[in-house]
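Data file: input_22.cif. Format and content: mmCIF, C-alpha atoms.
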data_input
#
loop_
_atom_site.label_atom_id
_atom_site.label_comp_id
_atom_site.auth_asym_id
_atom_site.auth_seq_id
_atom_site.Cartn_x
_atom_site.Cartn_y
_atom_site.Cartn_z
CA ASP A 1124 38.69 21.97 -84.81
CA THR A 1125 37.00 19.19 -86.80
CA ALA A 1126 34.79 16.89 -84.74
CA VAL A 1127 34.82 13.89 -87.08
CA SER A 1128 37.64 13.85 -89.59
CA GLN A 1129 38.16 11.41 -92.42
CA THR A 1130 41.17 10.87 -94.64
CA PRO A 1131 41.59 10.85 -97.52
CA LYS A 1132 38.81 13.08 -98.85
CA TYR A 1133 39.30 11.72 -102.36
CA LEU A 1134 40.73 8.40 -103.44
CA VAL A 1135 41.11 7.17 -107.02
CA THR A 1136 42.46 3.68 -107.52
CA GLN A 1137 42.49 0.70 -109.84
CA MET A 1138 40.35 -2.41 -109.55
CA GLY A 1139 41.98 -5.10 -107.45
CA ASN A 1140 43.90 -2.73 -105.21
CA ASP A 1141 43.61 -2.60 -101.41
CA LYS A 1142 42.91 0.74 -99.76
CA SER A 1143 42.10 2.18 -96.35
CA ILE A 1144 40.05 5.13 -95.15
CA LYS A 1145 40.71 6.52 -91.70
CA CYS A 1146 38.33 8.22 -89.30
CA GLU A 1147 38.94 10.01 -86.03
CA GLN A 1148 36.54 11.79 -83.68
CA ASN A 1149 37.48 14.18 -80.89
CA LEU A 1150 34.03 14.37 -79.33
CA GLY A 1151 34.60 11.73 -76.68
CA HIS A 1152 31.83 9.61 -78.22
CA ASP A 1153 31.64 5.89 -77.54
CA THR A 1154 30.08 4.82 -80.84
CA MET A 1155 31.34 5.17 -84.39
CA TYR A 1156 29.84 4.20 -87.73
CA TRP A 1157 30.64 3.72 -91.40
CA TYR A 1158 27.99 4.57 -93.98
CA LYS A 1159 28.11 4.18 -97.75
CA GLN A 1160 26.36 6.63 -100.07
CA ASP A 1161 26.00 5.32 -103.59
CA SER A 1162 25.50 7.21 -106.84
CA LYS A 1163 21.75 7.35 -106.23
CA LYS A 1164 22.41 9.10 -102.91
CA PHE A 1165 21.17 6.22 -100.76
CA LEU A 1166 22.97 6.23 -97.41
CA LYS A 1167 23.30 2.78 -95.89
CA ILE A 1168 24.94 1.74 -92.68
CA MET A 1169 27.81 -0.70 -93.02
CA PHE A 1170 29.31 -1.05 -89.54
CA SER A 1171 28.99 0.31 -86.05
CA TYR A 1172 31.45 0.03 -83.18
CA ASN A 1173 30.78 0.81 -79.53
CA ASN A 1174 33.86 1.18 -77.37
CA LYS A 1175 35.95 -0.70 -79.94
CA GLU A 1176 33.46 -3.56 -80.19
CA LEU A 1177 31.51 -4.37 -83.34
CA ILE A 1178 27.77 -3.99 -82.73
CA ILE A 1179 26.33 -3.61 -86.23
CA ASN A 1180 27.60 -5.51 -89.24
CA GLU A 1181 25.31 -5.20 -92.22
CA THR A 1182 25.43 -7.47 -95.23
CA VAL A 1183 28.73 -6.18 -96.50
CA PRO A 1184 31.26 -8.21 -98.54
CA ASN A 1185 34.03 -9.54 -96.35
CA ARG A 1186 36.46 -7.56 -98.49
CA PHE A 1187 35.48 -4.71 -96.17
CA SER A 1188 37.14 -4.93 -92.77
CA PRO A 1189 36.67 -2.24 -90.13
CA LYS A 1190 39.20 -1.78 -87.37
CA SER A 1191 38.84 0.24 -84.20
CA PRO A 1192 42.16 0.59 -82.35
CA ASP A 1193 40.48 2.80 -79.74
CA LYS A 1194 37.09 4.40 -79.35
CA ALA A 1195 38.23 7.60 -81.07
CA HIS A 1196 39.24 5.84 -84.27
CA LEU A 1197 37.44 3.64 -86.77
CA ASN A 1198 39.26 2.73 -89.96
CA LEU A 1199 37.88 0.95 -93.00
CA HIS A 1200 40.07 -1.32 -95.07
CA ILE A 1201 38.88 -2.59 -98.43
CA ASN A 1202 40.57 -5.47 -100.21
CA SER A 1203 40.40 -6.31 -103.91
CA LEU A 1204 38.49 -3.18 -104.87
CA GLU A 1205 35.70 -3.54 -107.42
CA LEU A 1206 33.98 -0.98 -109.64
CA GLY A 1207 30.84 -1.21 -107.50
CA ASP A 1208 32.77 -0.03 -104.47
CA SER A 1209 32.85 3.47 -105.95
CA ALA A 1210 30.86 5.64 -103.56
CA VAL A 1211 31.19 8.23 -100.84
CA TYR A 1212 31.97 6.67 -97.48
CA PHE A 1213 30.90 8.60 -94.41
CA CYS A 1214 32.15 8.11 -90.90
CA ALA A 1215 29.95 9.21 -88.00
CA SER A 1216 29.93 9.10 -84.24
CA SER A 1217 27.37 9.34 -81.44
CA PRO A 1218 27.62 9.57 -77.66
CA ASN A 1219 26.59 5.94 -77.26
CA SER A 1220 24.81 3.18 -79.12
CA GLY A 1221 21.35 4.31 -78.06
CA ALA A 1222 19.09 6.68 -79.93
CA ASN A 1223 21.38 9.66 -80.40
CA VAL A 1224 22.17 12.44 -82.76
CA LEU A 1225 24.99 11.43 -85.08
CA THR A 1226 27.85 13.70 -86.06
CA PHE A 1227 29.10 12.98 -89.57
CA GLY A 1228 32.46 13.45 -91.19
CA ALA A 1229 32.75 15.20 -94.56
CA GLY A 1230 32.99 11.94 -96.47
CA SER A 1231 35.63 10.13 -98.51
CA ARG A 1232 34.89 9.82 -102.20
CA LEU A 1233 36.28 6.55 -103.55
CA THR A 1234 36.52 6.06 -107.30
CA VAL A 1235 37.54 2.65 -108.61
CA LEU A 1236 38.68 2.57 -112.24
CA LYS B 758 12.16 -4.39 -92.93
CA GLN B 759 12.10 -0.62 -92.48
CA GLU B 760 11.88 1.46 -95.64
CA VAL B 761 12.02 5.23 -95.74
CA THR B 762 10.66 7.20 -98.69
CA GLN B 763 10.97 10.91 -99.36
CA ILE B 764 8.78 12.89 -101.70
CA PRO B 765 9.46 14.85 -103.80
CA ALA B 766 12.92 13.79 -104.98
CA ALA B 767 13.63 17.34 -106.08
CA LEU B 768 11.99 20.69 -105.47
CA SER B 769 12.66 24.15 -106.86
CA VAL B 770 11.01 27.19 -105.30
CA PRO B 771 11.45 30.96 -105.45
CA GLU B 772 12.97 32.68 -102.47
CA GLY B 773 10.53 33.54 -99.71
CA GLU B 774 8.17 30.62 -100.22
CA ASN B 775 7.13 28.32 -97.43
CA LEU B 776 7.60 24.67 -98.30
CA VAL B 777 7.03 21.16 -96.99
CA LEU B 778 9.18 18.10 -97.44
CA ASN B 779 7.65 14.69 -96.84
CA CYS B 780 9.04 11.52 -95.34
CA SER B 781 7.24 8.21 -94.84
CA PHE B 782 8.37 5.01 -93.16
CA THR B 783 6.93 1.52 -93.12
CA ASP B 784 7.63 0.34 -89.56
CA SER B 785 6.28 2.54 -86.78
CA ALA B 786 8.48 0.88 -84.13
CA ILE B 787 11.06 3.66 -84.04
CA TYR B 788 12.97 5.41 -81.27
CA ASN B 789 13.21 8.70 -83.12
CA LEU B 790 13.23 10.41 -86.49
CA GLN B 791 15.89 12.83 -87.60
CA TRP B 792 16.14 15.36 -90.39
CA PHE B 793 19.56 16.07 -91.87
CA ARG B 794 20.90 18.52 -94.39
CA GLN B 795 23.61 17.57 -96.88
CA ASP B 796 25.45 20.19 -98.92
CA PRO B 797 27.24 19.09 -102.12
CA GLY B 798 30.57 17.46 -101.31
CA LYS B 799 29.95 17.76 -97.59
CA GLY B 800 28.85 15.55 -94.76
CA LEU B 801 25.47 15.54 -93.08
CA THR B 802 24.34 18.11 -90.55
CA SER B 803 21.63 17.15 -88.09
CA LEU B 804 18.77 19.65 -88.16
CA LEU B 805 16.08 18.24 -85.90
CA LEU B 806 15.51 15.10 -83.88
CA ILE B 807 12.00 14.07 -82.85
CA GLN B 808 11.70 11.39 -80.20
CA SER B 809 9.01 8.77 -80.79
CA SER B 810 6.91 10.25 -77.97
CA GLN B 811 6.99 13.74 -79.48
CA ARG B 812 4.83 15.25 -82.18
CA GLU B 813 7.06 18.05 -83.40
CA GLN B 814 10.29 19.97 -83.00
CA THR B 815 11.16 23.50 -84.03
CA SER B 816 14.43 25.23 -84.74
CA GLY B 817 14.32 28.71 -86.19
CA ARG B 818 12.51 28.60 -89.53
CA LEU B 819 12.34 24.79 -89.45
CA ASN B 820 9.52 22.75 -88.00
CA ALA B 821 9.40 18.97 -88.14
CA SER B 822 6.36 16.91 -87.27
CA LEU B 823 6.01 13.22 -86.57
CA ASP B 824 2.92 11.01 -86.87
CA LYS B 825 4.21 7.62 -85.85
CA SER B 826 0.91 5.79 -86.31
CA SER B 827 0.66 6.79 -89.96
CA GLY B 828 4.41 6.50 -90.55
CA ARG B 829 4.87 10.09 -91.67
CA SER B 830 6.99 13.11 -90.96
CA THR B 831 7.11 16.53 -92.56
CA LEU B 832 9.78 19.19 -92.54
CA TYR B 833 8.35 22.68 -92.91
CA ILE B 834 10.70 25.46 -93.99
CA ALA B 835 9.34 28.97 -93.60
CA ALA B 836 10.41 31.92 -95.74
CA SER B 837 12.93 29.90 -97.74
CA GLN B 838 16.29 31.44 -98.64
CA PRO B 839 18.89 30.56 -101.31
CA GLY B 840 21.13 29.34 -98.49
CA ASP B 841 18.57 26.64 -97.75
CA SER B 842 19.49 24.95 -101.05
CA ALA B 843 20.75 21.47 -100.17
CA THR B 844 19.61 17.88 -100.00
CA TYR B 845 17.40 17.11 -97.01
CA LEU B 846 17.38 13.58 -95.65
CA CYS B 847 15.15 12.01 -93.08
CA ALA B 848 16.24 8.98 -91.11
CA VAL B 849 14.46 6.75 -88.62
CA GLU B 850 16.16 5.08 -85.70
CA GLY B 851 14.99 1.65 -84.62
CA GLY B 852 18.25 0.05 -83.57
CA LYS B 853 20.07 1.53 -86.53
CA LEU B 854 19.54 4.64 -88.60
CA ILE B 855 17.71 4.03 -91.89
CA PHE B 856 17.82 6.91 -94.38
CA GLY B 857 15.49 8.06 -97.09
CA GLN B 858 16.86 8.97 -100.48
CA GLY B 859 16.57 12.67 -99.82
CA THR B 860 14.86 15.70 -101.36
CA GLU B 861 17.10 18.00 -103.35
CA LEU B 862 15.93 21.54 -102.66
CA SER B 863 16.83 24.53 -104.79
CA VAL B 864 15.74 28.00 -103.67
CA LYS B 865 16.03 30.55 -106.47
CA PRO B 866 16.83 34.18 -105.65
#

Using structure tokens, write down the structure that the file contains.
Amino acid sequence: DTAVSQTPKYLVTQMGNDKSIKCEQNLGHDTMYWYKQDSKKFLKIMFSYNNKELIINETVPNRFSPKSPDKAHLNLHINSLELGDSAVYFCASSPNSGANVLTFGAGSRLTVL
Amino acid sequence: KQEVTQIPAALSVPEGENLVLNCSFTDSAIYNLQWFRQDPGKGLTSLLLIQSSQREQTSGRLNASLDKSSGRSTLYIAASQPGDSATYLCAVEGGKLIFGQGTELSVKP
């Protein structure tokens, strides 16, 4: 019974397309996150939501738009995909927005051609 | 701006060796430091969390230390096994989690 699940696991698409990655957690956590891991393995936070409200919004192009319909879901929509968007995107959750242990999903590998 | 550095970037050891992975951070104003493990094609698994008021945490063959004043943490792995092969990441929490680049560990049978 997966705690944090992301779909799709792999996504290959052309430049200029719009795509979405979905994330769901069944842990009852209040806070969810999106991280991006680039080809050099650096993991950087993109967004964080606490109870459906945006609390962290790093310097991310506005082509990236997170949406949290409820506290168990945090989806990431990307418009006008560019080559540099190719990366592994990780969703994570934590009990609240304080200093907590994060539970990560398995990642979604996005390849933009 | 917080920066987290991990040394070495890669490490290969024979099975059974004890080893130390290093993590340093530039801003000592942190709530905690965490060590994660990442297997190829998988997500991250939290190994140990050290609160800013603590000096170390232990879990099985793993021991993590924290010296906040010097901005350093070490992850000690005793009696390494091939199953320990993975990338180990440290991350500091100071409002948001900032990750190091990771140390890729390979334990040879």

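You can rank A:Thr1136, A:Ser1143, A:Asn1198, A:Ser1171 by their closest distance to chain B using all atoms listed in the file, and at the top of that list sits A:Ser1171.
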
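Across the model, the gap from CA of Arg812 (chain B) to CA of Ser826 (chain B) is 11.0 Å.
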
Would you give me, as a tab-separated table, each residue of chain B having an atom within 10 Å of an atom of chain A, along with its shortest atom pair and that distance in Å to one decimal, using all atoms listed in the file and sorting by chain and residue number?
residue	atom	partner	partner_atom	distance
B:Ile787	CA	A:Ala1222	CA	9.5
B:Tyr788	CA	A:Ala1222	CA	6.4
B:Asn789	CA	A:Ala1222	CA	7.0
B:Leu790	CA	A:Ala1222	CA	9.6
B:Gln791	CA	A:Val1224	CA	7.9
B:Phe793	CA	A:Leu1225	CA	9.9
B:Gln795	CA	A:Ala1229	CA	9.7
B:Asp796	CA	A:Ala1229	CA	9.9
B:Gly798	CA	A:Ala1229	CA	7.4
B:Lys799	CA	A:Ala1229	CA	4.9
B:Gly800	CA	A:Ala1229	CA	3.9
B:Leu801	CA	A:Phe1227	CA	5.7
B:Thr802	CA	A:Phe1227	CA	7.1
B:Ser803	CA	A:Val1224	CA	7.1
B:Leu804	CA	A:Val1224	CA	9.6
B:Leu805	CA	A:Val1224	CA	9.0
B:Leu806	CA	A:Val1224	CA	7.3
B:Gln808	CA	A:Ala1222	CA	8.8
B:Thr844	CA	A:Lys1164	CA	9.7
B:Leu846	CA	A:Leu1166	CA	9.4
B:Ala848	CA	A:Leu1166	CA	9.6
B:Val849	CA	A:Ala1222	CA	9.8
B:Glu850	CA	A:Ala1222	CA	6.7
B:Gly851	CA	A:Ala1222	CA	8.0
B:Gly852	CA	A:Ala1222	CA	7.6
B:Lys853	CA	A:Ile1168	CA	7.8
B:Leu854	CA	A:Ile1168	CA	7.4
B:Ile855	CA	A:Lys1167	CA	7.0
B:Phe856	CA	A:Leu1166	CA	6.0
B:Gly857	CA	A:Phe1165	CA	7.0
B:Gln858	CA	A:Phe1165	CA	5.1
B:Gly859	CA	A:Lys1164	CA	7.5

Expansion of the PyMOL selection byres ((chain B and resi 831) around 8) into residues, as a ChimeraX atom specification: /B:777-780,821-823,829-830,832-833

Residues returned when the PyMOL selection byres ((chain A and resi 1188) around 10) runs on this file, as a PyMOL selection string: chain A and resi 1143+1170+1183-1187+1189-1190+1198-1202

Residues in the PyMOL selection byres ((chain B and resi 761-772) around 6), expressed as a count of residues only: 18

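Taking CA of Gly1139 (chain A) as the reference point, CA of Leu1206 (chain A) is found at 9.3 Å.
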